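Colleague: One file is attached below, target.cif, containing mmCIF, C-alpha atoms and all ligand atoms; chains and numbers go by the auth columns.
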data_protein
loop_
_atom_site.group_PDB
_atom_site.id
_atom_site.type_symbol
_atom_site.label_atom_id
_atom_site.label_comp_id
_atom_site.label_asym_id
_atom_site.label_seq_id
_atom_site.Cartn_x
_atom_site.Cartn_y
_atom_site.Cartn_z
_atom_site.B_iso_or_equiv
_atom_site.auth_seq_id
_atom_site.auth_asym_id
ATOM 1 C CA MET A 1 16.810 96.394 2.848 0.00 1 A
ATOM 2 C CA VAL A 2 15.569 93.854 0.333 0.00 2 A
ATOM 3 C CA LYS A 3 12.106 94.191 -1.170 0.00 3 A
ATOM 4 C CA VAL A 4 10.153 91.142 -2.303 0.00 4 A
ATOM 5 C CA ALA A 5 7.834 91.457 -5.295 0.00 5 A
ATOM 6 C CA PRO A 6 5.634 88.406 -5.960 0.00 6 A
ATOM 7 C CA SER A 7 5.008 88.077 -9.690 0.00 7 A
ATOM 8 C CA ILE A 8 1.315 87.755 -10.342 0.00 8 A
ATOM 9 C CA LEU A 9 2.056 85.752 -13.501 0.00 9 A
ATOM 10 C CA SER A 10 2.132 82.629 -11.326 0.00 10 A
ATOM 11 C CA ALA A 11 -1.099 83.470 -9.514 0.00 11 A
ATOM 12 C CA ASP A 12 -4.566 82.059 -10.170 0.00 12 A
ATOM 13 C CA PHE A 13 -6.004 84.694 -12.510 0.00 13 A
ATOM 14 C CA SER A 14 -9.565 83.569 -11.827 0.00 14 A
ATOM 15 C CA ASN A 15 -9.028 84.646 -8.245 0.00 15 A
ATOM 16 C CA LEU A 16 -6.712 87.630 -8.493 0.00 16 A
ATOM 17 C CA SER A 17 -8.141 89.605 -5.647 0.00 17 A
ATOM 18 C CA ALA A 18 -7.683 86.721 -3.194 0.00 18 A
ATOM 19 C CA GLU A 19 -4.198 86.023 -4.554 0.00 19 A
ATOM 20 C CA LEU A 20 -3.243 89.679 -4.012 0.00 20 A
ATOM 21 C CA LYS A 21 -4.584 89.592 -0.460 0.00 21 A
ATOM 22 C CA LYS A 22 -2.681 86.358 0.187 0.00 22 A
ATOM 23 C CA VAL A 23 0.738 87.801 -0.695 0.00 23 A
ATOM 24 C CA GLU A 24 -0.109 91.106 0.927 0.00 24 A
ATOM 25 C CA ARG A 25 -0.895 89.376 4.214 0.00 25 A
ATOM 26 C CA ALA A 26 2.238 87.244 3.868 0.00 26 A
ATOM 27 C CA GLY A 27 4.431 90.361 3.870 0.00 27 A
ATOM 28 C CA ALA A 28 5.064 91.182 0.193 0.00 28 A
ATOM 29 C CA ASP A 29 6.491 94.657 -0.451 0.00 29 A
ATOM 30 C CA LEU A 30 5.357 95.133 -4.062 0.00 30 A
ATOM 31 C CA ILE A 31 3.261 93.343 -6.649 0.00 31 A
ATOM 32 C CA HIS A 32 5.171 92.527 -9.832 0.00 32 A
ATOM 33 C CA VAL A 33 2.828 92.662 -12.831 0.00 33 A
ATOM 34 C CA ASP A 34 4.017 91.056 -16.083 0.00 34 A
ATOM 35 C CA ILE A 35 2.606 92.659 -19.220 0.00 35 A
ATOM 36 C CA MET A 36 3.305 90.689 -22.421 0.00 36 A
ATOM 37 C CA ASP A 37 2.168 91.572 -25.932 0.00 37 A
ATOM 38 C CA GLY A 38 2.945 88.480 -28.007 0.00 38 A
ATOM 39 C CA HIS A 39 5.470 90.504 -30.029 0.00 39 A
ATOM 40 C CA PHE A 40 8.301 91.478 -27.724 0.00 40 A
ATOM 41 C CA VAL A 41 7.897 88.086 -26.069 0.00 41 A
ATOM 42 C CA PRO A 42 6.192 84.938 -27.350 0.00 42 A
ATOM 43 C CA ASN A 43 3.368 85.135 -24.821 0.00 43 A
ATOM 44 C CA ILE A 44 0.352 87.313 -24.065 0.00 44 A
ATOM 45 C CA THR A 45 -0.859 88.230 -20.585 0.00 45 A
ATOM 46 C CA ILE A 46 -2.873 91.211 -19.425 0.00 46 A
ATOM 47 C CA GLY A 47 -3.274 94.908 -20.165 0.00 47 A
ATOM 48 C CA PRO A 48 -4.185 98.145 -18.393 0.00 48 A
ATOM 49 C CA VAL A 49 -7.777 97.086 -17.718 0.00 49 A
ATOM 50 C CA VAL A 50 -6.687 94.340 -15.359 0.00 50 A
ATOM 51 C CA VAL A 51 -4.054 96.584 -13.759 0.00 51 A
ATOM 52 C CA LYS A 52 -6.801 99.101 -13.002 0.00 52 A
ATOM 53 C CA TYR A 53 -8.793 96.483 -11.076 0.00 53 A
ATOM 54 C CA MET A 54 -5.694 95.151 -9.340 0.00 54 A
ATOM 55 C CA ARG A 55 -5.124 98.701 -8.124 0.00 55 A
ATOM 56 C CA LYS A 56 -8.438 98.505 -6.266 0.00 56 A
ATOM 57 C CA ALA A 57 -7.696 95.083 -4.822 0.00 57 A
ATOM 58 C CA THR A 58 -4.413 95.828 -3.013 0.00 58 A
ATOM 59 C CA ARG A 59 -2.715 98.638 -1.189 0.00 59 A
ATOM 60 C CA LEU A 60 0.730 97.427 -2.246 0.00 60 A
ATOM 61 C CA ALA A 61 2.646 99.288 -4.941 0.00 61 A
ATOM 62 C CA LEU A 62 2.200 97.889 -8.439 0.00 62 A
ATOM 63 C CA ASP A 63 5.515 97.214 -10.149 0.00 63 A
ATOM 64 C CA VAL A 64 4.508 96.965 -13.807 0.00 64 A
ATOM 65 C CA HIS A 65 6.972 95.143 -16.067 0.00 65 A
ATOM 66 C CA LEU A 66 6.282 96.010 -19.696 0.00 66 A
ATOM 67 C CA MET A 67 7.512 93.255 -21.992 0.00 67 A
ATOM 68 C CA ILE A 68 6.007 94.994 -24.992 0.00 68 A
ATOM 69 C CA GLU A 69 7.059 96.720 -28.167 0.00 69 A
ATOM 70 C CA ASN A 70 6.520 100.453 -28.438 0.00 70 A
ATOM 71 C CA PRO A 71 6.032 101.073 -24.705 0.00 71 A
ATOM 72 C CA LEU A 72 5.795 104.840 -25.235 0.00 72 A
ATOM 73 C CA LYS A 73 2.447 104.308 -26.939 0.00 73 A
ATOM 74 C CA TYR A 74 1.003 102.588 -23.857 0.00 74 A
ATOM 75 C CA ILE A 75 2.638 104.535 -21.033 0.00 75 A
ATOM 76 C CA ASP A 76 -0.331 106.805 -20.342 0.00 76 A
ATOM 77 C CA ALA A 77 -2.688 103.836 -20.179 0.00 77 A
ATOM 78 C CA PHE A 78 -0.540 102.157 -17.528 0.00 78 A
ATOM 79 C CA VAL A 79 -0.099 105.423 -15.625 0.00 79 A
ATOM 80 C CA ASN A 80 -3.866 105.945 -15.574 0.00 80 A
ATOM 81 C CA ALA A 81 -4.394 102.342 -14.481 0.00 81 A
ATOM 82 C CA GLY A 82 -2.522 103.131 -11.263 0.00 82 A
ATOM 83 C CA SER A 83 1.021 101.811 -11.752 0.00 83 A
ATOM 84 C CA ASP A 84 3.534 102.863 -9.096 0.00 84 A
ATOM 85 C CA MET A 85 6.624 101.614 -10.918 0.00 85 A
ATOM 86 C CA ILE A 86 6.944 101.042 -14.652 0.00 86 A
ATOM 87 C CA THR A 87 9.747 99.095 -16.308 0.00 87 A
ATOM 88 C CA VAL A 88 10.442 99.157 -20.022 0.00 88 A
ATOM 89 C CA HIS A 89 12.973 97.066 -21.924 0.00 89 A
ATOM 90 C CA ILE A 90 16.065 98.606 -23.474 0.00 90 A
ATOM 91 C CA GLU A 91 15.559 96.246 -26.432 0.00 91 A
ATOM 92 C CA ALA A 92 12.192 97.940 -27.078 0.00 92 A
ATOM 93 C CA VAL A 93 13.023 101.665 -26.739 0.00 93 A
ATOM 94 C CA SER A 94 15.394 104.250 -28.139 0.00 94 A
ATOM 95 C CA LEU A 95 17.083 106.632 -25.731 0.00 95 A
ATOM 96 C CA LYS A 96 14.861 109.380 -27.064 0.00 96 A
ATOM 97 C CA GLU A 97 11.708 107.372 -26.350 0.00 97 A
ATOM 98 C CA LEU A 98 12.992 106.538 -22.882 0.00 98 A
ATOM 99 C CA ALA A 99 13.527 110.250 -22.233 0.00 99 A
ATOM 100 C CA SER A 100 9.927 111.010 -23.228 0.00 100 A
ATOM 101 C CA ILE A 101 8.680 108.219 -20.995 0.00 101 A
ATOM 102 C CA ALA A 102 10.733 109.662 -18.113 0.00 102 A
ATOM 103 C CA LYS A 103 9.228 113.064 -18.805 0.00 103 A
ATOM 104 C CA ARG A 104 5.688 111.692 -18.705 0.00 104 A
ATOM 105 C CA LEU A 105 6.268 109.988 -15.364 0.00 105 A
ATOM 106 C CA LYS A 106 7.953 113.008 -13.818 0.00 106 A
ATOM 107 C CA GLY A 107 5.974 114.716 -11.081 0.00 107 A
ATOM 108 C CA LYS A 108 3.551 111.781 -10.875 0.00 108 A
ATOM 109 C CA GLY A 109 5.497 109.888 -8.236 0.00 109 A
ATOM 110 C CA ILE A 110 5.910 106.903 -10.545 0.00 110 A
ATOM 111 C CA LYS A 111 9.311 105.253 -10.684 0.00 111 A
ATOM 112 C CA LEU A 112 10.866 104.322 -13.991 0.00 112 A
ATOM 113 C CA GLY A 113 12.957 101.221 -14.503 0.00 113 A
ATOM 114 C CA ILE A 114 14.950 99.924 -17.432 0.00 114 A
ATOM 115 C CA SER A 115 15.276 96.198 -17.994 0.00 115 A
ATOM 116 C CA LEU A 116 17.707 94.151 -20.017 0.00 116 A
ATOM 117 C CA ASN A 117 17.474 90.606 -21.300 0.00 117 A
ATOM 118 C CA PRO A 118 20.070 87.962 -20.391 0.00 118 A
ATOM 119 C CA THR A 119 21.805 88.321 -23.756 0.00 119 A
ATOM 120 C CA THR A 120 21.867 92.137 -23.655 0.00 120 A
ATOM 121 C CA SER A 121 25.109 93.635 -22.392 0.00 121 A
ATOM 122 C CA LEU A 122 25.348 96.166 -19.600 0.00 122 A
ATOM 123 C CA ALA A 123 26.976 98.584 -22.046 0.00 123 A
ATOM 124 C CA ARG A 124 23.632 98.836 -23.807 0.00 124 A
ATOM 125 C CA ILE A 125 21.928 100.495 -20.795 0.00 125 A
ATOM 126 C CA LYS A 126 24.794 102.809 -19.734 0.00 126 A
ATOM 127 C CA LYS A 127 23.303 105.918 -21.328 0.00 127 A
ATOM 128 C CA ALA A 128 19.882 105.076 -19.944 0.00 128 A
ATOM 129 C CA LEU A 129 21.033 104.962 -16.322 0.00 129 A
ATOM 130 C CA PRO A 130 20.738 108.719 -15.610 0.00 130 A
ATOM 131 C CA LEU A 131 17.113 108.613 -16.801 0.00 131 A
ATOM 132 C CA VAL A 132 15.863 105.809 -14.544 0.00 132 A
ATOM 133 C CA ASP A 133 15.176 105.105 -10.872 0.00 133 A
ATOM 134 C CA PHE A 134 16.033 101.431 -11.041 0.00 134 A
ATOM 135 C CA VAL A 135 17.331 98.642 -13.267 0.00 135 A
ATOM 136 C CA LEU A 136 15.586 95.290 -13.656 0.00 136 A
ATOM 137 C CA VAL A 137 18.089 92.597 -14.550 0.00 137 A
ATOM 138 C CA MET A 138 16.418 89.644 -16.290 0.00 138 A
ATOM 139 C CA SER A 139 17.767 86.318 -15.095 0.00 139 A
ATOM 140 C CA VAL A 140 15.618 84.332 -17.556 0.00 140 A
ATOM 141 C CA ASN A 141 14.528 85.049 -21.110 0.00 141 A
ATOM 142 C CA PRO A 142 11.279 86.947 -20.604 0.00 142 A
ATOM 143 C CA GLY A 143 8.005 85.327 -21.586 0.00 143 A
ATOM 144 C CA PHE A 144 7.199 82.635 -19.069 0.00 144 A
ATOM 145 C CA GLY A 145 7.258 81.924 -15.351 0.00 145 A
ATOM 146 C CA GLY A 146 8.957 78.906 -13.843 0.00 146 A
ATOM 147 C CA GLN A 147 12.201 78.947 -15.855 0.00 147 A
ATOM 148 C CA ALA A 148 15.646 78.233 -14.446 0.00 148 A
ATOM 149 C CA PHE A 149 17.848 81.113 -13.273 0.00 149 A
ATOM 150 C CA ILE A 150 20.635 82.026 -15.727 0.00 150 A
ATOM 151 C CA PRO A 151 23.820 82.381 -13.616 0.00 151 A
ATOM 152 C CA SER A 152 25.477 85.006 -15.855 0.00 152 A
ATOM 153 C CA ALA A 153 23.021 87.485 -14.303 0.00 153 A
ATOM 154 C CA LEU A 154 25.163 87.483 -11.167 0.00 154 A
ATOM 155 C CA LYS A 155 28.186 89.011 -12.872 0.00 155 A
ATOM 156 C CA LYS A 156 25.935 91.593 -14.490 0.00 156 A
ATOM 157 C CA ILE A 157 24.457 92.580 -11.137 0.00 157 A
ATOM 158 C CA ARG A 158 27.908 92.858 -9.579 0.00 158 A
ATOM 159 C CA GLN A 159 29.196 95.046 -12.397 0.00 159 A
ATOM 160 C CA LEU A 160 26.084 97.184 -12.321 0.00 160 A
ATOM 161 C CA ARG A 161 26.251 97.603 -8.543 0.00 161 A
ATOM 162 C CA ALA A 162 29.748 99.049 -8.912 0.00 162 A
ATOM 163 C CA ILE A 163 28.467 101.904 -11.067 0.00 163 A
ATOM 164 C CA PHE A 164 24.805 102.310 -10.056 0.00 164 A
ATOM 165 C CA LYS A 165 23.735 103.364 -6.587 0.00 165 A
ATOM 166 C CA LYS A 166 19.947 103.166 -6.973 0.00 166 A
ATOM 167 C CA ASP A 167 17.692 100.095 -6.852 0.00 167 A
ATOM 168 C CA ILE A 168 18.624 96.903 -8.683 0.00 168 A
ATOM 169 C CA ALA A 169 15.798 94.432 -9.228 0.00 169 A
ATOM 170 C CA VAL A 170 16.151 90.858 -10.499 0.00 170 A
ATOM 171 C CA ASP A 171 13.488 88.821 -12.246 0.00 171 A
ATOM 172 C CA GLY A 172 13.395 85.154 -13.209 0.00 172 A
ATOM 173 C CA GLY A 173 14.155 81.888 -11.473 0.00 173 A
ATOM 174 C CA ILE A 174 14.421 83.454 -8.034 0.00 174 A
ATOM 175 C CA ASN A 175 14.168 81.068 -5.103 0.00 175 A
ATOM 176 C CA ARG A 176 15.805 80.686 -1.692 0.00 176 A
ATOM 177 C CA ILE A 177 19.197 79.819 -3.228 0.00 177 A
ATOM 178 C CA THR A 178 19.365 82.165 -6.217 0.00 178 A
ATOM 179 C CA GLY A 179 17.754 84.861 -4.057 0.00 179 A
ATOM 180 C CA ARG A 180 20.723 84.772 -1.714 0.00 180 A
ATOM 181 C CA GLN A 181 23.139 84.879 -4.658 0.00 181 A
ATOM 182 C CA VAL A 182 21.557 87.937 -6.254 0.00 182 A
ATOM 183 C CA LYS A 183 21.460 89.759 -2.927 0.00 183 A
ATOM 184 C CA GLU A 184 25.141 89.056 -2.389 0.00 184 A
ATOM 185 C CA ALA A 185 25.798 90.381 -5.898 0.00 185 A
ATOM 186 C CA GLY A 186 24.058 93.653 -4.996 0.00 186 A
ATOM 187 C CA ALA A 187 20.384 93.363 -5.937 0.00 187 A
ATOM 188 C CA ASN A 188 17.792 94.765 -3.535 0.00 188 A
ATOM 189 C CA ILE A 189 14.430 94.019 -5.203 0.00 189 A
ATOM 190 C CA LEU A 190 13.558 90.378 -5.877 0.00 190 A
ATOM 191 C CA ALA A 191 10.681 89.511 -8.212 0.00 191 A
ATOM 192 C CA ALA A 192 9.584 85.898 -7.832 0.00 192 A
ATOM 193 C CA GLY A 193 6.582 84.116 -9.278 0.00 193 A
ATOM 194 C CA SER A 194 6.532 80.333 -9.098 0.00 194 A
ATOM 195 C CA TYR A 195 8.642 80.200 -5.922 0.00 195 A
ATOM 196 C CA ILE A 196 6.151 82.332 -3.986 0.00 196 A
ATOM 197 C CA PHE A 197 2.828 81.292 -5.524 0.00 197 A
ATOM 198 C CA GLY A 198 3.889 77.645 -5.618 0.00 198 A
ATOM 199 C CA ALA A 199 4.859 77.601 -1.943 0.00 199 A
ATOM 200 C CA LYS A 200 2.749 75.872 0.684 0.00 200 A
ATOM 201 C CA ASN A 201 3.625 78.584 3.136 0.00 201 A
ATOM 202 C CA THR A 202 3.619 81.953 1.385 0.00 202 A
ATOM 203 C CA ARG A 203 4.955 83.936 4.333 0.00 203 A
ATOM 204 C CA LYS A 204 7.837 81.532 4.779 0.00 204 A
ATOM 205 C CA ALA A 205 8.731 81.767 1.077 0.00 205 A
ATOM 206 C CA ILE A 206 8.694 85.567 1.149 0.00 206 A
ATOM 207 C CA ASN A 207 10.738 85.692 4.341 0.00 207 A
ATOM 208 C CA SER A 208 13.291 83.268 2.936 0.00 208 A
ATOM 209 C CA LEU A 209 13.986 85.773 0.144 0.00 209 A
ATOM 210 C CA ARG A 210 14.493 88.565 2.608 0.00 210 A
HETATM 211 C C1 LIG B . 9.256 86.391 -16.953 0.00 301 B
HETATM 212 C C2 LIG B . 8.566 87.379 -16.049 0.00 301 B
HETATM 213 C C3 LIG B . 8.812 87.097 -14.616 0.00 301 B
HETATM 214 C C4 LIG B . 8.206 85.786 -14.160 0.00 301 B
HETATM 215 C C5 LIG B . 9.060 85.236 -13.094 0.00 301 B
HETATM 216 O O1 LIG B . 9.092 86.779 -18.264 0.00 301 B
HETATM 217 O O2 LIG B . 9.032 88.690 -16.312 0.00 301 B
HETATM 218 O O3 LIG B . 8.378 88.158 -13.782 0.00 301 B
HETATM 219 O O4 LIG B . 6.892 85.928 -13.687 0.00 301 B
HETATM 220 O O5 LIG B . 8.610 83.963 -12.762 0.00 301 B
HETATM 221 P P1 LIG B . 9.542 82.943 -11.959 0.00 301 B
HETATM 222 O O6 LIG B . 9.861 83.603 -10.641 0.00 301 B
HETATM 223 O O7 LIG B . 8.664 81.755 -11.817 0.00 301 B
HETATM 224 O O8 LIG B . 10.763 82.728 -12.781 0.00 301 B
HETATM 225 ZN ZN ZN B . 8.630 90.242 -14.771 0.00 302 B
#
Before we go any further, please render this structure as structure tokens.
Ligand code: DX5
Ligand code: ZN

Modeller:
Amino acid sequence: MVKVAPSILSADFSNLSAELKKVERAGADLIHVDIMDGHFVPNITIGPVVVKYMRKATRLALDVHLMIENPLKYIDAFVNAGSDMITVHIEAVSLKELASIAKRLKGKGIKLGISLNPTTSLARIKKALPLVDFVLVMSVNPGFGGQAFIPSALKKIRQLRAIFKKDIAVDGGINRITGRQVKEAGANILAAGSYIFGAKNTRKAINSLR
């Protein structure tokens, strides 16, 4: 079963509530929320305040992707804002910090994910795997929506699938074609921004990824 997570980064932020309703009605499974701090990535988006109001505007699970430095410092804020899934980057945490994040989420029903950039090897997340519920494989360099899919992600997903039985999410450049490729490689959660929010028919776009 593949889950589709529209990335709100490509939505109209002046109309978030309507945008959330639109993808909800069109059959989205999760809402992918991109948090950028201008340090870990060269772009700035939103923080916990907006997540808190998004929580009120949809009944879908909020899949919060933290592209920030020092995520441990902000974990409680994103937990309190109503996140259902929280992903941190391996490039931004030590194993020890990841373990404390896992501890803070434990018993709260919030899933923890670890993400890795296109240039980061799978070996780098091996020790993190027992601590997380899912892995988010980046198929673009994080920072912006609308970039082209980097094909080396496919090999990474395949290799990860061979050793990891839980959820594998993919983020960046996902469309009808790359969506099929990542599914075949073993991914089961597809985050997609421009493909879904740029589509004339939102339901059709979401279904084409499933
Ligand atoms: C990239 C973000 C992605 C982005 C995907 O840094 O993490 O979630 O919104 O956008 P598309 O699907 O347009 O590549
Ligand atoms: Zn993302």

Colleague: Report as a list in words which protein, DNA and RNA residues come within 7 Å of ligand LIG 301 (chain B), using all atoms listed in the file.

Modeller: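 Answer in the requested format: Ser7, Ile8, Leu9, Ser10, His32, Asp34, His65, Val140, Asn141, Pro142, Gly143, Phe144, Gly145, Gly146, Gln147, Ala148, Asp171, Gly172, Gly173, Ile174, Ala191, Ala192, Gly193, Ser194 and Tyr195 of chain A.
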
Colleague: Closest to ligand ZN 302 (chain B) among A:His89, A:Arg176, A:Arg210, A:Arg161, using only C-alpha atoms and all ligand atoms?

Modeller: A:His89

Colleague: Considering all atoms listed in the file, can you say which of A:Leu122, A:Met138, A:Val33, A:Ala99 comes closest to Arg55 of chain A?

Modeller: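 Going through A:Leu122, A:Met138, A:Val33, A:Ala99 one by one, the smallest distance to Arg55 of chain A is for A:Val33.
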
Colleague: Using all atoms listed in the file for the distances, tell me which of A:Ser100, A:Lys166, A:Gln181, A:Ile86 is nearest to ligand ZN 302 (chain B).

Modeller: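 Smallest separation from ligand ZN 302 (chain B) among the options: A:Ile86.
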
Colleague: Restricting the calculation to all atoms listed in the file: of A:Asp133, A:Ile177, A:Ala5, A:Lys56, which residue gets closest to ligand ZN 302 (chain B)?

Modeller: A:Ala5

Colleague: By how many Å are atom CA of Met54 of chain A and atom CA of Ala187 of chain A apart?

Modeller: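 Separating atom CA of Met54 of chain A from atom CA of Ala187 of chain A is a distance of 26.4 Å.
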
Colleague: Expressed in Å to a single decimal, how great is the separation between atom CA of Asp84 of chain A and atom CA of Ile110 of chain A?

Modeller: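 Separation between atom CA of Asp84 of chain A and atom CA of Ile110 of chain A: 4.9 Å.
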
Colleague: Using the chain letters and numbers from this file, what does the PyMOL selection byres (((chain A and resi 150) around 6) and not hetatm) select? Give the answer as a ChimeraX atom specification.

Modeller: /A:139-140,149,151-152

Colleague: Can you measure atom CA of Leu160 of chain A to atom CA of Ile189 of chain A for me? One decimal in Å is fine.

Modeller: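 Between these atoms lies a distance of 14.0 Å.
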
Colleague: Find, counting all atoms listed in the file, the residue in A:Val137, A:Leu154, A:Ala185, A:Leu209 that gets nearest to ligand ZN 302 (chain B).

Modeller: A:Val137

Colleague: For Met85 of chain A, which residue out of A:Tyr53, A:Ala128, A:Arg25, A:Leu62 is the nearest one, using only C-alpha atoms?

Modeller: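 Ranked by minimum distance to Met85 of chain A, first place goes to A:Leu62.
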
Colleague: Here's a test: counting all atoms listed in the file, identify every protein, DNA and RNA residue with an atom at most 7 Å from (12.1, 96.4, -20.7) in the file's coordinate frame, and state them as a list in words.

Modeller: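 Residues with an atom at most 7 Å from (12.1, 96.4, -20.7): Leu66, Met67, Thr87, Val88, His89, Ile90, Glu91, Ala92, Ile114, Ser115 and Leu116 of chain A.
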
Colleague: Mind listing whatever residues come within 7 Å of the point (10.9, 91.8, -3.8)? Use all atoms listed in the file, file coordinates, and give them as a list in words.

Modeller: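 Looking at atoms near the point gives Val2, Lys3, Val4, Ala5, Pro6, Asp29, Leu30, Ile189, Leu190 and Ala191 of chain A.
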
Colleague: If the PyMOL selection byres (((chain A and resi 49) around 12) and not hetatm) were run on this exact file, what residues would it hold? Put them as a PyMOL selection string.

Modeller: chain A and resi 35+45-48+50-56+77-83

Colleague: Skip Ala11 of chain A itself and residues of its chain fewer than 5 positions away, then list as a list in words all residues within 9 Å of it, counting all atoms listed in the file.

Modeller: Leu16, Glu19, Leu20, Gly193, Ser194, Phe197 and Gly198 of chain A

Colleague: Quick one: axis-aligned box around all listed atoms of segment 66-72 of chain A, 3 Å on every side, centre and edge lengths in Å to one decimal, written as lines of an AutoDock Vina configuration file.

Modeller:
center_x = 6.7
center_y = 99.0
center_z = -24.1
size_x = 7.7
size_y = 17.6
size_z = 14.7

Colleague: Reconstruct all heavy atoms of segment 141-148 of chain A; output as a PDB file, in the coordinates of the input.

Modeller:
ATOM      1  N   ASN A 141      15.045  84.385 -19.917  1.00  0.00           N
ATOM      2  CA  ASN A 141      14.528  85.049 -21.110  1.00  0.00           C
ATOM      3  C   ASN A 141      13.058  85.333 -20.864  1.00  0.00           C
ATOM      4  O   ASN A 141      12.293  84.410 -20.542  1.00  0.00           O
ATOM      5  CB  ASN A 141      14.730  84.166 -22.341  1.00  0.00           C
ATOM      6  CG  ASN A 141      16.197  84.120 -22.722  1.00  0.00           C
ATOM      7  OD1 ASN A 141      16.825  85.157 -22.912  1.00  0.00           O
ATOM      8  ND2 ASN A 141      16.753  82.920 -22.796  1.00  0.00           N
ATOM      9  N   PRO A 142      12.646  86.601 -20.987  1.00  0.00           N
ATOM     10  CA  PRO A 142      11.279  86.947 -20.604  1.00  0.00           C
ATOM     11  C   PRO A 142      10.245  86.221 -21.457  1.00  0.00           C
ATOM     12  O   PRO A 142      10.496  85.911 -22.617  1.00  0.00           O
ATOM     13  CB  PRO A 142      11.218  88.461 -20.817  1.00  0.00           C
ATOM     14  CG  PRO A 142      12.326  88.793 -21.746  1.00  0.00           C
ATOM     15  CD  PRO A 142      13.388  87.766 -21.490  1.00  0.00           C
ATOM     16  N   GLY A 143       9.103  85.965 -20.860  1.00  0.00           N
ATOM     17  CA  GLY A 143       8.005  85.327 -21.586  1.00  0.00           C
ATOM     18  C   GLY A 143       7.214  84.351 -20.732  1.00  0.00           C
ATOM     19  O   GLY A 143       6.017  84.222 -20.908  1.00  0.00           O
ATOM     20  N   PHE A 144       7.886  83.672 -19.833  1.00  0.00           N
ATOM     21  CA  PHE A 144       7.199  82.635 -19.069  1.00  0.00           C
ATOM     22  C   PHE A 144       7.722  82.582 -17.633  1.00  0.00           C
ATOM     23  O   PHE A 144       8.894  82.876 -17.389  1.00  0.00           O
ATOM     24  CB  PHE A 144       7.403  81.262 -19.727  1.00  0.00           C
ATOM     25  CG  PHE A 144       6.884  81.249 -21.150  1.00  0.00           C
ATOM     26  CD1 PHE A 144       7.719  81.577 -22.209  1.00  0.00           C
ATOM     27  CD2 PHE A 144       5.546  80.965 -21.405  1.00  0.00           C
ATOM     28  CE1 PHE A 144       7.244  81.596 -23.518  1.00  0.00           C
ATOM     29  CE2 PHE A 144       5.056  80.986 -22.715  1.00  0.00           C
ATOM     30  CZ  PHE A 144       5.900  81.306 -23.774  1.00  0.00           C
ATOM     31  N   GLY A 145       6.851  82.178 -16.730  1.00  0.00           N
ATOM     32  CA  GLY A 145       7.258  81.924 -15.351  1.00  0.00           C
ATOM     33  C   GLY A 145       7.858  80.530 -15.255  1.00  0.00           C
ATOM     34  O   GLY A 145       7.745  79.734 -16.198  1.00  0.00           O
ATOM     35  N   GLY A 146       8.496  80.253 -14.131  1.00  0.00           N
ATOM     36  CA  GLY A 146       8.957  78.906 -13.843  1.00  0.00           C
ATOM     37  C   GLY A 146      10.194  78.434 -14.580  1.00  0.00           C
ATOM     38  O   GLY A 146      10.475  77.241 -14.612  1.00  0.00           O
ATOM     39  N   GLN A 147      10.964  79.356 -15.170  1.00  0.00           N
ATOM     40  CA  GLN A 147      12.201  78.947 -15.855  1.00  0.00           C
ATOM     41  C   GLN A 147      13.383  78.957 -14.885  1.00  0.00           C
ATOM     42  O   GLN A 147      13.334  79.582 -13.826  1.00  0.00           O
ATOM     43  CB  GLN A 147      12.504  79.912 -17.008  1.00  0.00           C
ATOM     44  CG  GLN A 147      11.401  80.083 -18.030  1.00  0.00           C
ATOM     45  CD  GLN A 147      11.845  81.024 -19.144  1.00  0.00           C
ATOM     46  OE1 GLN A 147      12.583  80.641 -20.033  1.00  0.00           O
ATOM     47  NE2 GLN A 147      11.391  82.268 -19.069  1.00  0.00           N
ATOM     48  N   ALA A 148      14.459  78.313 -15.306  1.00  0.00           N
ATOM     49  CA  ALA A 148      15.646  78.233 -14.446  1.00  0.00           C
ATOM     50  C   ALA A 148      16.474  79.516 -14.542  1.00  0.00           C
ATOM     51  O   ALA A 148      16.633  80.094 -15.619  1.00  0.00           O
ATOM     52  CB  ALA A 148      16.506  77.048 -14.846  1.00  0.00           C
TER      53      ALA A 148
END
